$ cat final.cif   # mmCIF, C-alpha atoms
data_target
loop_
_atom_site.label_atom_id
_atom_site.label_comp_id
_atom_site.auth_asym_id
_atom_site.auth_seq_id
_atom_site.Cartn_x
_atom_site.Cartn_y
_atom_site.Cartn_z
CA MET A 1 152.43 145.51 139.37
CA GLU A 2 151.39 142.57 137.18
CA VAL A 3 147.83 141.42 137.59
CA GLU A 4 147.24 137.69 137.21
CA VAL A 5 144.32 136.78 135.00
CA ASN A 6 142.44 133.50 135.16
CA PRO A 7 141.59 132.91 131.47
CA ASN A 8 138.78 130.53 132.36
CA GLU A 9 136.79 133.08 134.34
CA ASP A 10 133.67 134.60 132.80
CA THR A 11 134.38 138.31 133.32
CA GLU A 12 133.92 141.39 131.16
CA TRP A 13 137.67 142.01 131.29
CA ASN A 14 138.42 138.48 130.08
CA ASP A 15 135.93 138.95 127.23
CA ILE A 16 137.88 142.06 126.13
CA LEU A 17 141.19 140.19 126.34
CA ARG A 18 139.78 137.29 124.30
CA GLN A 19 138.52 139.70 121.63
CA HIS A 20 142.04 141.06 121.23
CA GLY A 21 143.65 137.62 121.24
CA ILE A 22 145.55 138.29 124.45
CA ILE A 23 144.16 135.22 126.17
CA PRO A 24 142.81 132.11 124.43
CA GLU A 25 139.15 131.40 123.98
CA LYS A 26 137.58 129.58 126.86
CA PRO A 27 137.31 125.86 126.13
CA LYS A 28 133.80 124.84 125.24
CA ASP A 29 131.94 122.68 127.70
CA PRO A 30 131.74 119.24 126.01
CA GLU A 31 128.62 118.18 127.92
CA PRO A 32 126.06 119.92 125.62
CA MET A 33 127.71 118.36 122.55
CA ILE A 34 127.69 114.91 124.17
CA GLN A 35 124.04 115.31 125.16
CA GLU A 36 123.18 116.43 121.63
CA ALA A 37 124.99 113.42 120.15
CA LEU A 38 123.16 111.04 122.49
CA ILE A 39 119.80 112.54 121.62
CA ALA A 40 120.61 112.30 117.90
CA ALA A 41 121.68 108.65 118.32
CA GLU A 42 118.43 107.84 120.14
CA HIS A 43 116.46 109.58 117.41
CA ARG A 44 118.23 107.60 114.67
CA ALA A 45 117.69 104.36 116.56
CA TYR A 46 113.97 105.13 116.83
CA GLU A 47 113.69 106.11 113.18
CA ASN A 48 115.51 102.92 112.13
CA ARG A 49 113.67 100.59 114.51
CA LEU A 50 111.98 98.83 111.61
CA GLU A 51 115.06 98.45 109.40
CA ASP A 52 115.62 94.75 110.14
CA LYS A 53 111.96 93.70 110.10
CA ASP A 54 110.57 91.45 107.40
CA LEU A 55 107.01 91.62 106.07
CA ASP A 56 105.60 89.22 108.68
CA GLU A 57 107.21 91.15 111.52
CA LEU A 58 105.91 94.44 110.13
CA ALA A 59 102.39 93.00 110.00
CA ALA A 60 102.68 91.99 113.66
CA LEU A 61 103.40 95.62 114.61
CA GLU A 62 100.26 97.09 113.07
CA GLU A 63 98.69 97.91 116.45
CA GLU A 64 101.88 99.40 117.87
CA GLU A 65 103.13 101.62 115.05
CA ASP A 66 101.74 104.55 113.13
CA GLU A 67 99.95 103.13 110.09
CA GLY A 68 101.49 105.56 107.60
CA PHE A 69 105.00 105.05 108.96
CA LEU A 70 104.53 101.27 108.92
CA GLU A 71 103.25 101.33 105.35
CA GLN A 72 106.35 103.28 104.33
CA TYR A 73 108.58 100.47 105.56
CA ARG A 74 106.31 97.80 104.10
CA GLN A 75 106.66 99.39 100.67
CA LYS A 76 110.41 99.64 101.18
CA ARG A 77 110.60 95.91 101.92
CA LEU A 78 108.47 95.05 98.90
CA ALA A 79 110.74 97.17 96.70
CA GLU A 80 113.80 95.38 98.09
CA ILE A 81 112.22 91.98 97.46
CA SER A 82 111.32 93.00 93.91
CA THR A 83 114.87 94.18 93.24
CA LEU A 84 116.33 90.95 94.61
CA GLN A 85 113.98 88.87 92.46
CA LYS A 86 115.00 90.79 89.33
CA THR A 87 118.72 90.55 90.05
CA SER A 88 118.75 86.93 91.23
CA LEU A 89 120.01 85.48 87.98
CA PHE A 90 122.30 82.74 89.22
CA ASN A 91 121.29 80.84 92.42
CA GLN A 92 123.64 77.93 91.76
CA VAL A 93 127.31 77.08 91.71
CA TYR A 94 128.63 77.13 88.15
CA PRO A 95 131.18 74.40 87.42
CA LEU A 96 133.87 75.82 85.15
CA GLN A 97 135.99 74.51 82.33
CA LYS A 98 139.19 76.38 81.56
CA VAL A 99 138.02 77.24 78.03
CA ASP A 100 134.91 78.93 79.43
CA TYR A 101 136.72 80.94 82.11
CA GLY A 102 136.88 84.19 80.16
CA ARG A 103 133.19 84.20 79.33
CA GLU A 104 131.81 82.80 82.58
CA VAL A 105 134.06 84.76 84.94
CA THR A 106 135.89 87.74 83.43
CA ASP A 107 133.11 88.88 81.10
CA ALA A 108 130.34 88.06 83.58
CA SER A 109 132.04 90.27 86.18
CA LYS A 110 131.05 93.33 84.12
CA GLU A 111 127.48 92.79 85.31
CA ALA A 112 127.90 91.23 88.77
CA PHE A 113 130.41 90.12 91.35
CA VAL A 114 131.86 86.74 90.41
CA LEU A 115 133.57 84.58 93.03
CA VAL A 116 135.62 81.57 91.95
CA ASN A 117 136.51 78.67 94.21
CA LEU A 118 139.71 76.97 93.07
CA THR A 119 139.18 73.67 94.79
CA SER A 120 140.82 70.28 95.17
CA GLN A 121 139.70 66.70 94.83
CA GLY A 122 142.39 65.49 97.19
CA ALA A 123 142.26 64.98 100.95
CA ASN A 124 141.81 68.69 101.54
CA VAL A 125 139.38 69.42 104.37
CA GLU A 126 139.15 73.17 103.71
CA SER A 127 138.18 72.56 100.08
CA ARG A 128 135.40 70.28 101.22
CA VAL A 129 134.16 72.85 103.74
CA LEU A 130 134.16 75.68 101.19
CA THR A 131 132.41 73.62 98.51
CA GLU A 132 129.47 73.08 100.88
CA LEU A 133 129.39 76.75 101.93
CA TRP A 134 129.66 77.80 98.27
CA ARG A 135 126.44 75.91 97.55
CA GLN A 136 124.66 77.64 100.43
CA LEU A 137 125.87 81.08 99.39
CA ALA A 138 124.85 80.56 95.76
CA ALA A 139 121.33 79.56 96.78
CA LYS A 140 120.98 82.53 99.13
CA TYR A 141 122.58 85.30 97.05
CA GLY A 142 121.41 84.86 93.48
CA ASP A 143 122.70 88.25 92.37
CA ILE A 144 126.30 87.07 92.95
CA LYS A 145 127.79 84.47 90.65
CA PHE A 146 129.59 81.63 92.41
CA CYS A 147 131.85 79.42 90.28
CA GLU A 148 134.03 76.44 91.03
CA ILE A 149 136.86 74.73 89.19
CA ARG A 150 139.53 72.28 90.16
CA ALA A 151 142.67 74.32 90.71
CA ASP A 152 145.02 72.10 88.71
CA MET A 153 142.61 72.21 85.75
CA CYS A 154 142.66 76.00 85.82
CA ILE A 155 146.34 76.58 86.58
CA GLU A 156 148.75 73.82 85.67
CA GLY A 157 150.75 72.66 88.65
CA TYR A 158 148.78 74.72 91.17
CA PRO A 159 149.76 73.39 94.63
CA GLU A 160 147.03 71.54 96.45
CA ARG A 161 148.26 73.08 99.71
CA ASN A 162 147.03 76.45 98.37
CA THR A 163 143.48 75.20 97.95
CA PRO A 164 140.86 76.31 98.31
CA THR A 165 141.65 79.67 96.77
CA ILE A 166 138.92 82.30 96.47
CA LEU A 167 139.17 84.78 93.61
CA VAL A 168 136.83 87.79 93.61
CA TYR A 169 136.16 89.41 90.21
CA LYS A 170 134.37 92.67 89.43
CA ASP A 171 134.53 94.66 86.22
CA THR A 172 136.99 92.14 84.71
CA GLU A 173 139.55 92.59 87.50
CA ILE A 174 140.51 90.47 90.49
CA ARG A 175 139.48 92.57 93.48
CA ARG A 176 140.46 90.12 96.23
CA GLN A 177 142.06 86.73 96.62
CA LEU A 178 142.25 84.41 99.60
CA VAL A 179 144.68 81.51 99.51
CA THR A 180 143.16 78.82 101.76
CA LEU A 181 140.70 79.74 104.50
CA ARG A 182 143.26 80.86 107.05
CA GLU A 183 142.17 84.52 106.70
CA LEU A 184 138.74 83.35 107.80
CA LYS A 185 138.52 80.51 110.34
CA GLY A 186 140.12 77.61 108.53
CA VAL A 187 138.05 74.45 108.61
CA ARG A 188 135.77 76.15 111.15
CA THR A 189 134.70 78.79 108.61
CA LYS A 190 130.93 79.27 108.59
CA LEU A 191 128.41 80.96 106.36
CA GLU A 192 128.45 84.19 108.36
CA ASP A 193 132.24 84.45 107.92
CA LEU A 194 131.84 84.41 104.16
CA GLU A 195 128.93 86.84 104.39
CA ARG A 196 131.24 89.28 106.18
CA LEU A 197 133.69 88.83 103.32
CA LEU A 198 130.92 89.67 100.83
CA ILE A 199 130.23 92.87 102.76
CA GLU A 200 133.93 93.77 102.84
CA ILE A 201 134.29 93.46 99.08
CA GLY A 202 131.08 95.39 98.42
CA ALA A 203 129.07 92.50 97.01
CA LEU A 204 126.58 92.86 99.87
CA LYS A 205 125.40 95.89 101.81
CA GLU A 206 125.38 95.93 105.61
CA GLY A 207 121.60 96.28 105.70
CA ASP A 208 120.83 93.54 103.17
CA MET A 209 117.61 91.90 104.33
CA ARG A 210 118.98 88.45 103.51
CA LEU A 211 121.57 88.81 106.27
CA LYS A 212 118.84 88.80 108.90
CA LYS A 213 118.97 85.59 110.90
CA HIS A 214 115.83 83.60 111.66
CA ASP A 215 115.64 80.69 114.06
CA ASP A 216 113.98 78.53 111.40
CA GLU A 217 116.56 79.22 108.67
CA ASP A 218 118.54 76.06 109.33
CA ASP A 219 118.95 75.54 105.59
CA TYR A 220 121.41 78.42 105.50
CA LYS A 221 123.47 77.30 108.46
CA SER A 222 126.29 74.83 108.58
CA LYS A 223 125.02 71.31 109.14
CA ASP A 224 127.24 71.06 112.19
CA ASP A 225 127.77 74.34 114.08
CA ASP A 226 130.29 72.63 116.30
CA LEU A 227 132.47 71.42 113.44
CA ASN A 228 134.75 68.62 114.54
CA VAL A 229 137.98 68.69 112.57
CA GLU A 230 138.86 65.15 113.60
CA ASP A 231 135.63 63.87 112.04
CA TYR A 232 136.70 65.37 108.70
CA ASP A 233 140.14 63.88 109.05
CA ASP A 234 138.65 60.45 109.67
CA ASP A 235 136.64 60.66 106.46
CA TRP A 236 139.84 60.91 104.44
CA ASP A 237 141.74 58.06 106.11
#
$ encode --input "final.cif" --output "structure tokens"
Amino acid sequence: MEVEVNPNEDTEWNDILRQHGIIPEKPKDPEPMIQEALIAAEHRAYENRLEDKDLDELAALEEEEDEGFLEQYRQKRLAEISTLQKTSLFNQVYPLQKVDYGREVTDASKEAFVLVNLTSQGANVESRVLTELWRQLAAKYGDIKFCEIRADMCIEGYPERNTPTILVYKDTEIRRQLVTLRELKGVRTKLEDLERLLIEIGALKEGDMRLKKHDDEDDYKSKDDDLNVEDYDDDWD
């Protein structure tokens, strides 16, 4: 007579069968693992609660946080600021001539990320948008070199319809290229879209303190958040 065995039961007999591989191991209850993961996530969130705070915000928390823990983050912020000051060598858009391209772009990319905007002087709205954003990026991220050159001066016969073109250089190689802004948001591309690109290519880290948005940082935002494409078109009529 064959005896049916429920492999999920916790019995001494089932334990013997599992030891001999006759029945499979009982599936583990996922709830303890889920609870452990949630607790770990809460712990990380608490430990990292000061990650996006600047020096003024840290000072405002002096009565709420442990003094030693707060000082640890204050020193971390000061170290980050010091590093940024030392590496901020550029802070402007560098206009290029073709003869200087090797030195200003290829060679310079051995030390830093270099982004080139191949632009147009024609009635190209995207080129105009990117030129303005290029200026804002250069001022904000001085450790990245932003260059600009008219496309037809760099590459003879380069089609205006392919402008603007973004070329990303690092260690003398082109790491990324974007032909026009269609991979972003076209004429509606904003500063944060290009910042995401900088993170994707490794020029910025996710936790870079300069990515933190402040209500009073209007200088780093587009002049018109609700960009009207028709207004740009009218300018070129």
$ residues_near_point --input "final.cif" --point "(145.6, 74.9, 98.7)" --cutoff "10 Å" --atoms "all atoms listed in the file" --output "ChimeraX atom specification"
/A:118-120,124,126-127,151,158-165,179-181
$ write_last_selection --input "final.cif" --atoms "C-alpha atoms" --output "short mmCIF file (atom, residue, chain, number, x, y, z; two decimals), in the frame of the given file"
data_model
loop_
_atom_site.label_atom_id
_atom_site.label_comp_id
_atom_site.auth_asym_id
_atom_site.auth_seq_id
_atom_site.Cartn_x
_atom_site.Cartn_y
_atom_site.Cartn_z
CA LEU A 118 139.71 76.97 93.07
CA THR A 119 139.18 73.67 94.79
CA SER A 120 140.82 70.28 95.17
CA ASN A 124 141.81 68.69 101.54
CA GLU A 126 139.15 73.17 103.71
CA SER A 127 138.18 72.56 100.08
CA ALA A 151 142.67 74.32 90.71
CA TYR A 158 148.78 74.72 91.17
CA PRO A 159 149.76 73.39 94.63
CA GLU A 160 147.03 71.54 96.45
CA ARG A 161 148.26 73.08 99.71
CA ASN A 162 147.03 76.45 98.37
CA THR A 163 143.48 75.20 97.95
CA PRO A 164 140.86 76.31 98.31
CA THR A 165 141.65 79.67 96.77
CA VAL A 179 144.68 81.51 99.51
CA THR A 180 143.16 78.82 101.76
CA LEU A 181 140.70 79.74 104.50
#
$ closest_residue --input "final.cif" --among "A:Met153, A:Ile23, A:Tyr141, A:Glu192" --to "Val99 in chain A" --atoms "all atoms listed in the file"
A:Met153
$ residues_around --input "final.cif" --residues "Asp107 in chain A" --least-positions-apart "5" --cutoff "12 Å" --atoms "only C-alpha atoms" --output "MDAnalysis selection string"
chainID A and resid 100:102 112:114 145 169:173
$ write_last_selection --input "final.cif" --atoms "C-alpha atoms" --output "CSV table (one decimal), keeping the file's coordinate frame"
chain,number,residue,atom,x,y,z
A,100,ASP,CA,134.9,78.9,79.4
A,101,TYR,CA,136.7,80.9,82.1
A,102,GLY,CA,136.9,84.2,80.2
A,112,ALA,CA,127.9,91.2,88.8
A,113,PHE,CA,130.4,90.1,91.4
A,114,VAL,CA,131.9,86.7,90.4
A,145,LYS,CA,127.8,84.5,90.6
A,169,TYR,CA,136.2,89.4,90.2
A,170,LYS,CA,134.4,92.7,89.4
A,171,ASP,CA,134.5,94.7,86.2
A,172,THR,CA,137.0,92.1,84.7
A,173,GLU,CA,139.6,92.6,87.5
$ closest_residue --input "final.cif" --among "A:Met209, A:Val93, A:Leu198, A:Ile144" --to "Thr131 in chain A" --atoms "only C-alpha atoms"
A:Val93
$ atom_distance --input "final.cif" --atom1 "CA of Leu167 in chain A" --atom2 "CA of Asn117 in chain A"
6.7 Å
$ atom_distance --input "final.cif" --atom1 "CA of Phe146 in chain A" --atom2 "CA of Leu115 in chain A"
5.0 Å
$ atom_distance --input "final.cif" --atom1 "CA of Leu96 in chain A" --atom2 "CA of Ala123 in chain A"
20.9 Å
$ closest_residue --input "final.cif" --among "A:Glu132, A:Asp152, A:Glu36, A:Glu206" --to "Leu191 in chain A" --atoms "only C-alpha atoms"
A:Glu132
$ residues_around --input "final.cif" --residues "Ala139 in chain A" --least-positions-apart "2" --cutoff "9 Å" --atoms "only C-alpha atoms" --output "PDB file with C-alpha atoms, keeping the file's coordinate frame"
ATOM      1  CA  PHE A  90     122.300  82.740  89.220  1.00  0.00           C
ATOM      2  CA  ASN A  91     121.290  80.840  92.420  1.00  0.00           C
ATOM      3  CA  GLN A  92     123.640  77.930  91.760  1.00  0.00           C
ATOM      4  CA  VAL A  93     127.310  77.080  91.710  1.00  0.00           C
ATOM      5  CA  TRP A 134     129.660  77.800  98.270  1.00  0.00           C
ATOM      6  CA  ARG A 135     126.440  75.910  97.550  1.00  0.00           C
ATOM      7  CA  GLN A 136     124.660  77.640 100.430  1.00  0.00           C
ATOM      8  CA  LEU A 137     125.870  81.080  99.390  1.00  0.00           C
ATOM      9  CA  TYR A 141     122.580  85.300  97.050  1.00  0.00           C
ATOM     10  CA  GLY A 142     121.410  84.860  93.480  1.00  0.00           C
ATOM     11  CA  TYR A 220     121.410  78.420 105.500  1.00  0.00           C
TER      12      TYR A 220
END
$ decode --input "final.cif" --residues "range 181-211 of chain A" --atoms "N, CA and C atoms" --output "compact mmCIF listing (two decimals), in the first residue's frame"
# COMPACT_ATOMS: atom_id res chain seq x y z
N LEU A 181 18.83 66.96 -31.15
CA LEU A 181 18.38 66.76 -29.77
C LEU A 181 17.22 65.78 -29.67
N ARG A 182 16.97 65.02 -30.73
CA ARG A 182 15.78 64.17 -30.70
C ARG A 182 15.88 63.05 -29.66
N GLU A 183 17.11 62.64 -29.28
CA GLU A 183 17.25 61.64 -28.22
C GLU A 183 16.93 62.23 -26.85
N LEU A 184 16.91 63.54 -26.78
CA LEU A 184 16.54 64.21 -25.54
C LEU A 184 15.08 64.65 -25.67
N LYS A 185 14.83 65.94 -25.75
CA LYS A 185 13.43 66.40 -25.91
C LYS A 185 13.31 67.46 -27.00
N GLY A 186 14.20 67.37 -28.00
CA GLY A 186 14.12 68.32 -29.09
C GLY A 186 14.29 69.74 -28.60
N VAL A 187 13.49 70.65 -29.14
CA VAL A 187 13.61 72.05 -28.74
C VAL A 187 13.14 72.28 -27.31
N ARG A 188 12.51 71.29 -26.72
CA ARG A 188 12.06 71.40 -25.33
C ARG A 188 13.08 70.82 -24.34
N THR A 189 14.26 70.53 -24.82
CA THR A 189 15.33 70.03 -23.95
C THR A 189 15.68 71.08 -22.90
N LYS A 190 15.83 70.61 -21.66
CA LYS A 190 16.17 71.51 -20.56
C LYS A 190 17.48 71.08 -19.91
N LEU A 191 17.90 71.87 -18.96
CA LEU A 191 19.18 71.63 -18.29
C LEU A 191 19.21 70.25 -17.64
N GLU A 192 18.11 69.88 -16.99
CA GLU A 192 18.10 68.58 -16.30
C GLU A 192 18.20 67.41 -17.27
N ASP A 193 17.75 67.58 -18.52
CA ASP A 193 17.89 66.52 -19.51
C ASP A 193 19.36 66.29 -19.85
N LEU A 194 20.09 67.37 -19.97
CA LEU A 194 21.52 67.26 -20.26
C LEU A 194 22.30 66.78 -19.04
N GLU A 195 21.82 67.12 -17.85
CA GLU A 195 22.46 66.61 -16.64
C GLU A 195 22.31 65.09 -16.55
N ARG A 196 21.14 64.59 -16.95
CA ARG A 196 20.96 63.13 -16.98
C ARG A 196 21.92 62.49 -17.97
N LEU A 197 22.15 63.16 -19.09
CA LEU A 197 23.12 62.66 -20.07
C LEU A 197 24.52 62.61 -19.45
N LEU A 198 24.88 63.64 -18.71
CA LEU A 198 26.20 63.67 -18.06
C LEU A 198 26.35 62.52 -17.07
N ILE A 199 25.27 62.16 -16.40
CA ILE A 199 25.31 61.03 -15.47
C ILE A 199 25.47 59.73 -16.26
N GLU A 200 24.74 59.61 -17.35
CA GLU A 200 24.79 58.39 -18.18
C GLU A 200 26.20 58.12 -18.71
N ILE A 201 26.90 59.16 -19.11
CA ILE A 201 28.22 58.97 -19.70
C ILE A 201 29.31 58.88 -18.64
N GLY A 202 28.96 59.12 -17.37
CA GLY A 202 29.93 59.02 -16.29
C GLY A 202 30.66 60.31 -15.97
N ALA A 203 30.25 61.41 -16.59
CA ALA A 203 30.89 62.69 -16.31
C ALA A 203 30.44 63.26 -14.97
N LEU A 204 29.25 62.87 -14.53
CA LEU A 204 28.73 63.25 -13.22
C LEU A 204 28.32 62.00 -12.47
N LYS A 205 28.38 62.08 -11.13
CA LYS A 205 27.87 61.00 -10.30
C LYS A 205 26.45 61.33 -9.85
N GLU A 206 25.68 60.29 -9.59
CA GLU A 206 24.29 60.47 -9.18
C GLU A 206 24.17 61.40 -7.98
N GLY A 207 25.09 61.27 -7.03
CA GLY A 207 24.98 62.05 -5.80
C GLY A 207 25.70 63.38 -5.83
N ASP A 208 26.10 63.85 -7.01
CA ASP A 208 26.82 65.12 -7.11
C ASP A 208 25.99 66.23 -6.48
N MET A 209 26.61 66.95 -5.54
CA MET A 209 25.88 67.98 -4.80
C MET A 209 25.37 69.09 -5.69
N ARG A 210 25.97 69.28 -6.86
CA ARG A 210 25.53 70.35 -7.75
C ARG A 210 24.21 70.03 -8.45
N LEU A 211 23.80 68.76 -8.39
CA LEU A 211 22.53 68.38 -8.99
C LEU A 211 21.35 68.76 -8.12
